[in-house]
Structures are given as C-alpha cells and as structure tokens.
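**Student:** Contents of final_34.csv (CSV, C-alpha atoms) are below:
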```csv
chain,number,residue,atom,x,y,z
A,1455,MET,CA,-33.3,-2.3,-2.5
A,1456,GLU,CA,-31.5,-2.7,0.7
A,1457,GLU,CA,-32.8,-0.9,3.7
A,1458,TYR,CA,-32.8,2.9,3.3
A,1459,HIS,CA,-33.7,5.3,6.0
A,1460,SER,CA,-34.9,8.8,5.2
A,1461,GLY,CA,-32.1,11.2,6.0
A,1462,ASP,CA,-29.7,8.4,7.0
A,1463,GLU,CA,-26.1,9.2,6.7
A,1464,VAL,CA,-23.3,6.8,6.2
A,1465,ALA,CA,-20.3,8.0,8.1
A,1466,PHE,CA,-16.9,6.5,9.1
A,1467,SER,CA,-16.6,5.1,12.5
A,1468,PRO,CA,-15.4,7.8,15.0
A,1469,ASP,CA,-12.6,5.5,16.1
A,1470,ASP,CA,-10.8,5.8,12.8
A,1471,ALA,CA,-9.2,9.1,13.6
A,1472,SER,CA,-6.7,9.0,10.7
A,1473,ASN,CA,-9.3,9.8,8.1
A,1474,VAL,CA,-9.1,13.5,7.3
A,1475,VAL,CA,-12.4,13.7,5.6
A,1476,LYS,CA,-14.3,13.0,8.8
A,1477,GLU,CA,-13.0,16.1,10.2
A,1478,LEU,CA,-14.9,18.0,7.6
A,1479,CYS,CA,-18.2,16.7,9.1
A,1480,LEU,CA,-19.4,16.1,5.5
A,1481,CYS,CA,-22.2,13.8,6.1
A,1482,VAL,CA,-24.2,16.1,8.2
A,1483,PHE,CA,-24.4,19.0,5.8
A,1484,ILE,CA,-24.7,16.8,2.7
A,1485,GLY,CA,-27.9,15.5,4.2
A,1486,GLN,CA,-29.0,19.0,4.9
A,1487,CYS,CA,-28.1,20.0,1.3
A,1488,ILE,CA,-30.3,17.3,-0.2
A,1489,GLU,CA,-33.1,18.0,2.2
A,1490,GLY,CA,-33.1,21.6,1.2
A,1491,ILE,CA,-33.2,20.9,-2.5
A,1492,VAL,CA,-35.4,17.9,-2.9
A,1493,GLY,CA,-37.0,17.5,0.5
A,1494,GLY,CA,-40.7,17.0,0.3
A,1495,VAL,CA,-40.8,17.0,-3.5
A,1496,ASP,CA,-41.9,14.2,-5.8
A,1497,TYR,CA,-39.7,12.9,-8.5
A,1498,SER,CA,-40.1,14.8,-11.8
A,1499,GLN,CA,-38.3,13.9,-15.0
A,1500,ASN,CA,-38.2,17.5,-16.0
A,1501,LYS,CA,-36.6,18.8,-12.9
A,1502,VAL,CA,-34.2,16.0,-12.0
A,1503,ASN,CA,-31.5,17.7,-14.1
A,1504,GLN,CA,-31.5,20.8,-12.1
A,1505,TRP,CA,-31.8,18.9,-8.8
A,1506,THR,CA,-28.7,16.9,-9.3
A,1507,ALA,CA,-26.8,19.9,-10.6
A,1508,SER,CA,-27.9,21.9,-7.5
A,1509,ILE,CA,-27.0,19.2,-5.1
A,1510,VAL,CA,-23.5,18.7,-6.4
A,1511,GLU,CA,-23.0,22.4,-6.8
A,1512,HIS,CA,-24.1,23.2,-3.3
A,1513,THR,CA,-22.1,20.4,-1.8
A,1514,LEU,CA,-19.0,21.4,-3.6
A,1515,THR,CA,-19.4,25.0,-2.6
A,1516,GLN,CA,-19.7,24.1,1.0
A,1517,LEU,CA,-16.6,21.9,0.8
A,1518,VAL,CA,-14.5,24.6,-0.8
A,1519,LYS,CA,-15.6,27.0,1.9
A,1520,GLN,CA,-13.8,24.8,4.4
A,1521,GLY,CA,-10.5,25.9,2.8
A,1522,LYS,CA,-8.8,22.6,3.2
A,1523,PRO,CA,-6.1,21.5,0.7
A,1524,PHE,CA,-8.2,18.9,-1.1
A,1525,LYS,CA,-9.4,18.3,-4.6
A,1526,TYR,CA,-13.0,17.2,-4.5
A,1527,ILE,CA,-15.2,14.9,-6.6
A,1528,VAL,CA,-18.9,15.0,-5.9
A,1529,ASN,CA,-21.1,12.3,-7.5
A,1530,CYS,CA,-24.9,12.3,-7.2
A,1531,ALA,CA,-27.4,9.7,-8.4
A,1532,VAL,CA,-31.1,10.4,-8.2
A,1533,MET,CA,-33.4,7.5,-9.0
A,1534,GLN,CA,-37.2,7.3,-9.1
A,1535,LYS,CA,-38.7,4.8,-6.8
A,1536,SER,CA,-40.3,2.0,-8.7
A,1537,GLY,CA,-39.2,-1.2,-7.0
A,1538,ALA,CA,-36.1,-1.5,-9.1
A,1539,GLY,CA,-32.7,-2.2,-7.4
A,1540,LEU,CA,-29.7,0.1,-7.3
A,1541,HIS,CA,-26.1,-0.6,-6.3
A,1542,THR,CA,-23.1,1.7,-6.1
A,1543,ALA,CA,-19.5,0.9,-5.5
A,1544,ASN,CA,-16.3,2.8,-5.8
A,1545,SER,CA,-12.7,1.9,-5.7
A,1546,CYS,CA,-9.9,4.3,-5.5
A,1547,TYR,CA,-6.2,4.3,-6.1
A,1548,TRP,CA,-4.8,6.9,-3.7
A,1549,ASP,CA,-3.0,7.5,-0.4
A,1550,THR,CA,-5.2,6.1,2.3
A,1551,THR,CA,-3.6,8.2,5.0
A,1552,THR,CA,-4.6,11.5,3.4
A,1553,ASP,CA,-7.5,10.9,1.1
A,1554,GLY,CA,-11.0,9.7,1.9
A,1555,SER,CA,-14.6,9.5,0.8
A,1556,CYS,CA,-18.1,9.8,2.2
A,1557,THR,CA,-21.3,8.4,0.8
A,1558,VAL,CA,-24.7,9.6,1.9
A,1559,ARG,CA,-28.0,7.9,1.1
A,1560,TRP,CA,-31.3,9.8,1.2
A,1561,GLU,CA,-34.8,8.9,0.2
A,1562,ASN,CA,-38.3,10.2,0.3
A,1563,ARG,CA,-41.5,8.8,-0.8
A,1564,THR,CA,-40.8,8.9,-4.5
A,1565,MET,CA,-37.1,8.9,-5.1
A,1566,TYR,CA,-33.6,7.7,-3.8
A,1567,CYS,CA,-30.6,10.0,-3.7
A,1568,VAL,CA,-27.1,8.8,-3.3
A,1569,VAL,CA,-24.3,11.4,-3.0
A,1570,SER,CA,-20.6,10.4,-2.9
A,1571,VAL,CA,-17.9,12.8,-2.0
A,1572,PHE,CA,-14.2,12.0,-2.6
A,1573,ALA,CA,-11.5,14.2,-1.2
A,1574,VAL,CA,-8.0,13.8,-2.6
A,1575,ALA,CA,-5.2,15.6,-0.8
A,1576,ILE,CA,-2.9,18.0,-2.6
A,1577,ALA,CA,0.6,18.7,-1.5
A,1578,LEU,CA,1.2,22.2,-0.4
B,141,MET,CA,42.1,-3.7,20.4
B,142,ALA,CA,42.9,-6.6,22.7
B,143,PHE,CA,40.3,-9.1,23.5
B,144,LYS,CA,39.8,-12.0,25.8
B,145,TRP,CA,39.5,-15.0,23.5
B,146,GLN,CA,38.6,-17.6,26.1
B,147,GLU,CA,36.2,-15.3,27.8
B,148,ALA,CA,34.4,-14.7,24.6
B,149,LEU,CA,34.0,-18.4,24.1
B,150,CYS,CA,32.7,-19.0,27.5
B,151,THR,CA,30.1,-16.3,27.6
B,152,SER,CA,28.5,-17.6,24.4
B,153,LYS,CA,25.6,-19.8,24.9
B,154,THR,CA,25.9,-22.0,21.9
B,155,GLY,CA,26.7,-25.6,22.0
B,156,PHE,CA,29.6,-25.3,19.7
B,157,PHE,CA,31.5,-23.2,22.2
B,158,ILE,CA,31.2,-25.7,24.9
B,159,MET,CA,33.4,-27.9,22.7
B,160,ALA,CA,35.9,-25.1,22.1
B,161,ASN,CA,36.2,-24.1,25.7
B,162,GLN,CA,39.5,-25.9,25.9
B,163,PRO,CA,42.2,-23.4,26.5
B,164,LEU,CA,43.8,-22.3,23.2
B,165,PRO,CA,47.5,-21.5,23.5
B,166,LEU,CA,47.6,-18.3,21.6
B,167,SER,CA,50.8,-16.4,21.9
B,168,GLN,CA,50.9,-12.6,22.3
B,169,GLU,CA,52.3,-12.3,18.8
B,170,THR,CA,49.4,-14.2,17.4
B,171,LEU,CA,47.0,-12.0,19.3
B,172,ALA,CA,48.7,-8.9,18.1
B,173,GLN,CA,48.7,-10.2,14.6
B,174,PHE,CA,45.1,-11.0,14.7
B,175,ASN,CA,44.2,-7.6,16.2
B,176,ARG,CA,46.0,-5.9,13.4
B,177,SER,CA,44.2,-8.0,10.8
B,178,MET,CA,40.9,-7.3,12.4
B,179,SER,CA,41.6,-3.6,12.5
B,180,THR,CA,42.4,-3.5,8.8
B,181,GLU,CA,39.4,-5.6,7.8
B,182,PRO,CA,36.6,-4.6,10.1
B,183,GLY,CA,33.8,-7.1,9.9
B,184,ALA,CA,35.3,-9.0,7.0
B,185,SER,CA,35.9,-12.6,7.5
B,186,GLY,CA,35.8,-13.7,3.9
B,187,PRO,CA,39.1,-15.3,3.4
B,188,PRO,CA,39.2,-17.3,6.6
B,189,ARG,CA,35.6,-18.4,5.7
B,190,ARG,CA,36.6,-19.5,2.3
B,191,ARG,CA,39.6,-21.4,3.7
B,192,LEU,CA,37.3,-23.4,5.9
B,193,GLY,CA,35.1,-23.9,2.9
B,194,SER,CA,31.6,-24.0,4.2
B,195,ILE,CA,30.6,-22.1,7.2
B,196,SER,CA,27.0,-21.2,7.6
B,197,THR,CA,24.8,-20.8,10.5
B,198,ARG,CA,21.1,-21.2,10.7
B,199,ARG,CA,20.3,-19.6,14.0
B,200,SER,CA,17.0,-18.2,12.8
B,201,SER,CA,14.4,-19.8,10.8
B,202,LYS,CA,14.3,-17.0,8.3
B,203,ASP,CA,16.6,-16.3,5.4
B,204,GLN,CA,17.0,-19.9,4.6
B,205,SER,CA,16.9,-19.2,0.9
B,206,LYS,CA,19.5,-16.5,1.1
B,207,ASP,CA,22.3,-18.9,2.2
B,208,GLN,CA,24.4,-20.1,-0.7
B,209,PRO,CA,24.0,-23.8,-1.5
B,210,HIS,CA,27.6,-24.7,-1.0
B,211,HIS,CA,27.6,-23.8,2.6
B,212,ARG,CA,27.5,-26.6,5.0
B,213,PRO,CA,26.6,-26.7,8.7
B,214,LEU,CA,29.2,-25.0,10.9
B,215,PHE,CA,29.8,-27.6,13.6
B,216,LEU,CA,30.9,-30.3,11.2
B,217,ARG,CA,33.9,-28.3,10.1
B,218,SER,CA,34.9,-27.0,13.4
B,219,MET,CA,35.4,-30.4,14.9
B,220,THR,CA,38.2,-31.2,12.5
B,221,LEU,CA,40.2,-28.2,13.4
B,222,PRO,CA,42.9,-28.9,16.0
B,223,SER,CA,42.9,-26.6,18.9
B,224,SER,CA,46.6,-26.6,19.6
B,225,GLU,CA,48.3,-25.8,16.4
B,226,SER,CA,51.7,-24.3,15.8
B,227,SER,CA,52.0,-20.6,15.8
B,228,PHE,CA,52.3,-20.5,12.0
B,229,LEU,CA,48.8,-22.0,11.5
B,230,SER,CA,47.2,-20.6,14.6
B,231,PRO,CA,46.5,-17.2,13.1
B,232,THR,CA,44.3,-18.8,10.5
B,233,VAL,CA,42.8,-21.2,13.1
B,234,SER,CA,42.1,-18.3,15.4
B,235,ASN,CA,40.8,-16.3,12.5
B,236,SER,CA,38.5,-19.0,11.5
B,237,HIS,CA,37.4,-19.5,15.1
B,238,ILE,CA,36.8,-15.9,15.3
B,239,SER,CA,34.9,-15.8,12.2
B,240,MET,CA,32.8,-18.8,13.3
B,241,GLY,CA,32.4,-17.2,16.6
B,242,LYS,CA,31.3,-14.0,14.8
B,243,ARG,CA,28.8,-15.9,12.7
B,244,PHE,CA,27.6,-18.2,15.4
B,245,SER,CA,25.3,-15.8,17.1
B,246,PHE,CA,22.2,-16.7,19.0
B,247,ALA,CA,20.6,-13.5,17.8
B,248,GLY,CA,20.5,-14.8,14.3
B,249,TRP,CA,23.0,-14.4,11.5
B,250,HIS,CA,22.1,-12.0,8.8
B,251,GLN,CA,23.8,-11.8,5.5
B,252,GLY,CA,26.3,-9.0,5.7
B,253,GLY,CA,25.3,-8.1,9.2
B,254,ARG,CA,27.8,-6.8,11.6
B,255,VAL,CA,28.6,-8.6,14.8
B,256,SER,CA,30.7,-7.7,17.7
B,257,PHE,CA,33.6,-9.8,19.0
B,258,SER,CA,31.5,-11.5,21.6
B,259,GLY,CA,29.4,-12.8,18.8
B,260,LEU,CA,26.4,-10.6,19.6
B,261,TYR,CA,24.6,-9.4,16.6
B,262,LEU,CA,24.8,-5.6,16.1
B,263,GLN,CA,21.5,-4.1,15.0
B,264,GLN,CA,21.8,-2.4,11.7
B,265,PRO,CA,20.3,1.0,11.8
B,266,ILE,CA,17.2,1.3,9.6
B,267,GLN,CA,18.4,3.3,6.6
B,268,GLU,CA,16.0,6.0,5.7
B,269,VAL,CA,15.4,6.3,2.0
B,270,TYR,CA,16.0,9.9,0.9
B,271,VAL,CA,14.2,10.7,-2.3
B,272,GLU,CA,15.7,13.5,-4.3
B,273,ASN,CA,13.8,16.5,-5.3
B,274,THR,CA,12.6,16.2,-8.8
B,275,TYR,CA,11.9,19.9,-9.3
B,276,ARG,CA,8.8,18.9,-11.3
B,277,MET,CA,5.9,21.2,-11.3
B,278,GLY,CA,3.5,19.1,-13.4
B,279,PRO,CA,3.2,15.8,-15.2
B,280,GLU,CA,5.6,15.1,-18.0
B,281,PRO,CA,4.4,16.0,-21.5
B,282,GLY,CA,3.4,12.5,-22.6
B,283,CYS,CA,2.2,11.4,-19.2
B,284,ARG,CA,-1.2,13.0,-18.7
B,285,PHE,CA,-4.4,11.3,-17.8
B,286,ASN,CA,-5.6,10.2,-21.3
B,287,ALA,CA,-9.4,10.5,-21.2
B,288,SER,CA,-10.2,9.0,-24.5
B,289,ARG,CA,-8.0,5.9,-24.0
B,290,THR,CA,-9.5,5.5,-20.5
B,291,GLN,CA,-13.0,5.8,-21.9
B,292,GLN,CA,-12.2,3.0,-24.4
B,293,ILE,CA,-10.9,0.8,-21.7
B,294,LEU,CA,-13.9,1.6,-19.5
B,295,GLN,CA,-16.4,0.9,-22.2
B,296,ALA,CA,-14.7,-2.3,-23.3
B,297,THR,CA,-14.6,-3.6,-19.6
B,298,LEU,CA,-18.3,-2.9,-19.1
B,299,ASP,CA,-19.3,-4.5,-22.3
B,300,SER,CA,-17.3,-7.6,-21.9
B,301,TYR,CA,-18.1,-8.1,-18.2
B,302,LEU,CA,-21.8,-7.4,-18.3
B,303,GLU,CA,-22.7,-9.0,-21.6
B,304,GLY,CA,-25.7,-11.2,-21.1
B,305,VAL,CA,-25.7,-10.7,-17.3
B,306,CYS,CA,-29.1,-10.6,-15.7
B,307,TYR,CA,-29.9,-8.4,-12.7
B,308,SER,CA,-30.2,-10.3,-9.4
B,309,PRO,CA,-30.6,-8.5,-6.1
B,310,ASP,CA,-28.3,-10.9,-4.2
B,311,SER,CA,-25.4,-10.9,-6.5
B,312,CYS,CA,-25.5,-7.5,-8.0
B,313,SER,CA,-23.9,-5.8,-5.1
B,314,GLN,CA,-20.9,-8.0,-5.4
B,315,LEU,CA,-20.9,-7.6,-9.1
B,316,CYS,CA,-20.8,-3.9,-8.7
B,317,GLN,CA,-17.9,-4.0,-6.3
B,318,MET,CA,-16.1,-6.4,-8.5
B,319,LEU,CA,-16.6,-4.2,-11.5
B,320,ALA,CA,-15.2,-1.2,-9.6
B,321,ASP,CA,-12.1,-3.2,-8.6
B,322,LEU,CA,-11.7,-4.6,-12.1
B,323,VAL,CA,-11.8,-1.2,-13.7
B,324,LEU,CA,-9.3,0.1,-11.2
B,325,SER,CA,-6.9,-2.7,-11.8
B,326,LYS,CA,-7.1,-2.2,-15.6
B,327,LEU,CA,-6.5,1.5,-15.2
B,328,LYS,CA,-3.6,1.0,-12.9
B,329,ASP,CA,-1.7,-0.5,-15.9
B,330,VAL,CA,-2.3,2.4,-18.1
B,331,ASN,CA,-2.2,5.0,-15.4
B,332,PRO,CA,0.6,7.5,-15.8
B,333,PRO,CA,2.8,8.0,-12.8
B,334,ARG,CA,1.8,10.4,-10.0
B,335,TYR,CA,-1.9,10.1,-10.8
B,336,LYS,CA,-4.5,9.1,-8.3
B,337,VAL,CA,-7.6,7.4,-9.7
B,338,VAL,CA,-11.1,7.5,-8.3
B,339,CYS,CA,-13.6,5.1,-9.9
B,340,GLN,CA,-17.3,4.8,-9.1
B,341,VAL,CA,-19.7,2.3,-10.6
B,342,VAL,CA,-23.5,2.5,-10.4
B,343,VAL,CA,-25.4,-0.7,-11.3
B,344,GLY,CA,-29.2,-0.8,-11.3
B,345,GLN,CA,-32.1,-2.9,-12.5
B,346,SER,CA,-33.5,-1.9,-15.8
B,347,GLY,CA,-37.1,-0.8,-15.4
B,348,LYS,CA,-39.4,2.0,-16.1
B,349,GLN,CA,-37.9,4.3,-13.6
B,350,GLY,CA,-35.9,7.4,-14.4
B,351,ILE,CA,-32.4,7.9,-13.1
B,352,ARG,CA,-29.9,10.8,-13.3
B,353,VAL,CA,-26.2,10.5,-12.4
B,354,SER,CA,-24.2,13.7,-12.2
B,355,SER,CA,-20.8,14.6,-11.1
B,356,ARG,CA,-18.9,17.8,-10.3
B,357,SER,CA,-15.4,18.2,-9.2
B,358,LEU,CA,-12.9,20.7,-8.1
B,359,MET,CA,-9.6,19.9,-9.8
B,360,ASN,CA,-6.9,21.3,-12.0
B,361,PRO,CA,-8.1,21.3,-15.6
B,362,ASN,CA,-4.5,21.3,-16.9
B,363,THR,CA,-3.5,18.1,-15.3
B,364,ASP,CA,-6.7,16.3,-14.2
B,365,ASN,CA,-9.5,14.8,-16.2
B,366,TYR,CA,-12.5,12.4,-15.9
B,367,THR,CA,-14.3,10.0,-18.1
B,368,SER,CA,-17.5,7.9,-18.0
B,369,ALA,CA,-19.1,5.0,-19.7
B,370,VAL,CA,-22.6,3.6,-19.8
B,371,PHE,CA,-23.8,0.0,-20.4
B,372,HIS,CA,-27.4,-1.0,-20.8
B,373,ASN,CA,-29.1,-4.2,-21.5
B,374,HIS,CA,-32.6,-5.6,-21.1
B,375,SER,CA,-32.3,-6.3,-17.4
B,376,LEU,CA,-29.7,-4.0,-16.0
B,377,PHE,CA,-27.7,-0.8,-16.6
B,378,ALA,CA,-24.3,0.3,-15.4
B,379,VAL,CA,-22.6,3.7,-15.2
B,380,ALA,CA,-18.9,4.0,-14.5
B,381,LEU,CA,-17.2,7.3,-13.6
B,382,VAL,CA,-13.4,7.6,-13.5
B,383,HIS,CA,-11.5,10.6,-12.4
B,384,GLY,CA,-7.7,11.0,-12.7
B,385,LEU,CA,-6.1,13.5,-10.4
B,386,TYR,CA,-2.5,14.5,-10.5
B,387,PHE,CA,-0.5,14.5,-7.3
B,388,GLU,CA,2.8,16.1,-6.8
```
Starting from the file, lay out its structure as structure tokens.
**Tutor:**
Amino acid sequence: MEEYHSGDEVAFSPDDASNVVKELCLCVFIGQCIEGIVGGVDYSQNKVNQWTASIVEHTLTQLVKQGKPFKYIVNCAVMQKSGAGLHTANSCYWDTTTDGSCTVRWENRTMYCVVSVFAVAIAL
Amino acid sequence: MAFKWQEALCTSKTGFFIMANQPLPLSQETLAQFNRSMSTEPGASGPPRRRLGSISTRRSSKDQSKDQPHHRPLFLRSMTLPSSESSFLSPTVSNSHISMGKRFSFAGWHQGGRVSFSGLYLQQPIQEVYVENTYRMGPEPGCRFNASRTQQILQATLDSYLEGVCYSPDSCSQLCQMLADLVLSKLKDVNPPRYKVVCQVVVGQSGKQGIRVSSRSLMNPNTDNYTSAVFHNHSLFAVALVHGLYFE
C-alpha cells in the first residue's frame, strides 16, 4: 500500500477558496469520528459491520448538524491489514463551483479505514 | 448625419486608404443622398458589397473559415474603381467605399459586427442568456435515475474491463481512476437530465483479508437513488458505487 499515516487527513489546499466543502472543516472531525469508534481496537470480522455503520452514521449526523444546503454521501471502507493493496478512486459529474468531496485515510495496527464524503449542493 | 469623408479616410491607418486619399469630388447632393441611405439602412452594406462582388477583409487571423469562399481580397477590387466618377455613379462608388471603409477596420472584421463611420469596430455587448423558468418541481415522469439499468451498465463495465486483469501495485491506481472515469462516461449517456452523478470505485488485491465497504447518504428518496456492483477474480476485487442526485 502507499504510505499511510495514522490519523492523517487528506484535505484540499487552503488556497482553493472556492470549494465550499472545506468550509465545513470535514476532515478534522471525520478523523475524530473514526478515532472514537475504532481507535485502539483490532480488526474483527464480527464487529466490522457495526463499525462501518457507526462511522458513516456518525459522520452524516455531524454533517447534517451543520445545517448547510447540501445532500451528502458518505462512503466508508474498512480493510484488514494483511499486506494486500487497496486503491480508491472517484469521479463525479456535478457543478464544481458548488459541490465537493473530502477523503480521509486512517489506519492503526491491524486495519485501514478510508472515508469519503461527497457534498452536493441543492438549490434553495 | 453629415460626415467628413476625406477625414475618415485619412485617419484610418490601413494601407488601402493611403491610396484613396485622393480628394473625391462628392457633391452635397451625393452626400445628402448617402446620408439618407445610411440612415434607412443602418449598418447594412449588403447591396453595395454585392455590386462589388467580393469584398472581404482579413484583419485578424481568426474567423478564417467563416468567410464565404467567393470573397476575394479587398484591395484588388478597390483599385479598379475610379475615384472621380459622375454624380450618377458616385453614390454607388461612395457607398462601396464606405462599405469597404466600414469593413476595413484594423480592429478586426467580425461577421455581422457593427462598425462606426470611421471604420472602428464597435464592441458588441455580450448578450446574457436568460433562461426561462421551467416551473418544474421534480424530474419528469420518465426521467428518473434508473437504478436497475445503471446497475446493469455498472456490472457489465466492471466485468468487461477487469476480465483477466491481474493486480499490480504500480498500475492498479491508474486502473482504478480509469475505471471511475469510464463508468462516469458511460453513465453520462444514459443519465437523465438534471441529475448529478457521483461514482466511487474501490479496487484491492485479493487476499485473505476481510474488507467491508458501506455507504450512507442524505438524499431525497423520491428523486435520488444509488446502485453498486462488485467484481471479483483470483487476484483482485472491485467495488463500484454510483449515486444519482436530482438537482433543480
């Protein structure tokens, strides 16, 4: 796998002020979300279902609390560390001036977690 | 509107007008006639142009293809026109001169563009496009995001593209991105209007590890939908998620 840093967040460059999603400061609390749910725990096949469900639910709830006029899509992939490789890519057909996405990578000793958030503006 | 014919010629910076700087004996009647004709046909110099046959100017390098093929360069024609004609012919002469003067602008001639008498090109105001209100509250009855058809397209794309492909750490990142773009391009064809599409592809090496991919979204269940497809072979696996969101 490519280099992963524990608790590392992928964020947009601060210079790109046109991206609305950055204003939400997503990446910081997504990392905190993940840390709170799976931080310090080893990968378990039985519990991974509820982990992923909790991560996406928690993230989505926090996003909705912001009260911004967006539709959200939260995707989460949790994979056990075994030396295998993992790649994610996304492509979107939307309005680049109003919509945006954020991807956060997190890892611990036994698993990788990749959370992607897409925010699509709605007209009000 | 009276105008100074000779002054207009002199102030122009084109080579053609150096030739035409010879004083043209235009009578007042001719001038008045011309002014009247110009006032009735503002900006139209079609008939005199046609009389001359082929007047075209290529002051700018652009719009070469827009010029009609029968147009010939301007200066060739102009030299054949006598400058001192009788009063009967002079209106047409002056008209054609005017039209050539109008067209021969150093600012660049634009098809259908308006020019002032001095030959300077008048900037066309950028016309804003006003879109009418459609009074539409939702997608049209047959134009919703079709989850089953999208799923078929998604599965077919994954199967056809990843058949027999082996995982390689160097190339799989590009493969992943290419898959996402390919899926998006295929969906754009079948995408109903006013729908935004978000597509995510996860590609991984097939091993003994466990993986779970989940997705949750906040959207309007009446108009929006999602679909997913999974591909798996001996060396890699791929998961594709597609969400279709209606946008007013």
**Student:** For the contact check between chain B and chain A, emit one row per residue of chain B within 6 Å, containing the shortest atom pair and the distance in Å rounded to one decimal, counting all atoms listed in the file, chain then rising number order, as JSON lines.
**Tutor:**
```
{"residue": "B:Ser313", "atom": "CA", "partner": "A:His1541", "partner_atom": "CA", "distance": 5.8}
{"residue": "B:Cys316", "atom": "CA", "partner": "A:Ala1543", "partner_atom": "CA", "distance": 5.9}
{"residue": "B:Gln317", "atom": "CA", "partner": "A:Ala1543", "partner_atom": "CA", "distance": 5.2}
{"residue": "B:Ala320", "atom": "CA", "partner": "A:Ser1545", "partner_atom": "CA", "distance": 5.6}
{"residue": "B:Asp321", "atom": "CA", "partner": "A:Ser1545", "partner_atom": "CA", "distance": 5.9}
{"residue": "B:Lys336", "atom": "CA", "partner": "A:Trp1548", "partner_atom": "CA", "distance": 5.1}
{"residue": "B:Val337", "atom": "CA", "partner": "A:Tyr1547", "partner_atom": "CA", "distance": 5.0}
{"residue": "B:Val338", "atom": "CA", "partner": "A:Cys1546", "partner_atom": "CA", "distance": 4.4}
{"residue": "B:Cys339", "atom": "CA", "partner": "A:Ser1545", "partner_atom": "CA", "distance": 5.4}
{"residue": "B:Gln340", "atom": "CA", "partner": "A:Asn1544", "partner_atom": "CA", "distance": 4.0}
{"residue": "B:Val341", "atom": "CA", "partner": "A:Ala1543", "partner_atom": "CA", "distance": 5.3}
{"residue": "B:Val342", "atom": "CA", "partner": "A:Thr1542", "partner_atom": "CA", "distance": 4.4}
{"residue": "B:Val343", "atom": "CA", "partner": "A:His1541", "partner_atom": "CA", "distance": 5.0}
{"residue": "B:Gly344", "atom": "CA", "partner": "A:Leu1540", "partner_atom": "CA", "distance": 4.1}
{"residue": "B:Gln345", "atom": "CA", "partner": "A:Gly1539", "partner_atom": "CA", "distance": 5.2}
{"residue": "B:Gln349", "atom": "CA", "partner": "A:Gln1534", "partner_atom": "CA", "distance": 5.5}
{"residue": "B:Gly350", "atom": "CA", "partner": "A:Gln1534", "partner_atom": "CA", "distance": 5.5}
{"residue": "B:Ile351", "atom": "CA", "partner": "A:Met1533", "partner_atom": "CA", "distance": 4.2}
{"residue": "B:Arg352", "atom": "CA", "partner": "A:Val1532", "partner_atom": "CA", "distance": 5.3}
{"residue": "B:Val353", "atom": "CA", "partner": "A:Ala1531", "partner_atom": "CA", "distance": 4.3}
{"residue": "B:Ser354", "atom": "CA", "partner": "A:Cys1530", "partner_atom": "CA", "distance": 5.2}
{"residue": "B:Ser355", "atom": "CA", "partner": "A:Asn1529", "partner_atom": "CA", "distance": 4.3}
{"residue": "B:Arg356", "atom": "CA", "partner": "A:Val1528", "partner_atom": "CA", "distance": 5.2}
{"residue": "B:Ser357", "atom": "CA", "partner": "A:Ile1527", "partner_atom": "CA", "distance": 4.2}
{"residue": "B:Leu358", "atom": "CA", "partner": "A:Tyr1526", "partner_atom": "CA", "distance": 5.0}
{"residue": "B:Met359", "atom": "CA", "partner": "A:Lys1525", "partner_atom": "CA", "distance": 5.4}
```
**Student:** Could you check the closest approach to Gln1486 (chain A) for each of A:Lys1522, A:Arg1563, A:Lys1501, A:His1512 and tell me which residue wins, using all atoms listed in the file?
**Tutor:**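 That would be A:His1512, the residue with the smallest distance to Gln1486 (chain A).
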**Student:** What is the distance between CA of His383 (chain B) and CA of Tyr301 (chain B), in Å to one decimal?
**Tutor:**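 Distance between the two atoms: 20.7 Å.
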**Student:** Kindly give the distance, in Å, that separates CA of Tyr366 (chain B) and CA of Leu385 (chain B), rounded to a single decimal.
**Tutor:**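 According to the coordinates, CA of Tyr366 (chain B) and CA of Leu385 (chain B) are separated by 8.5 Å.
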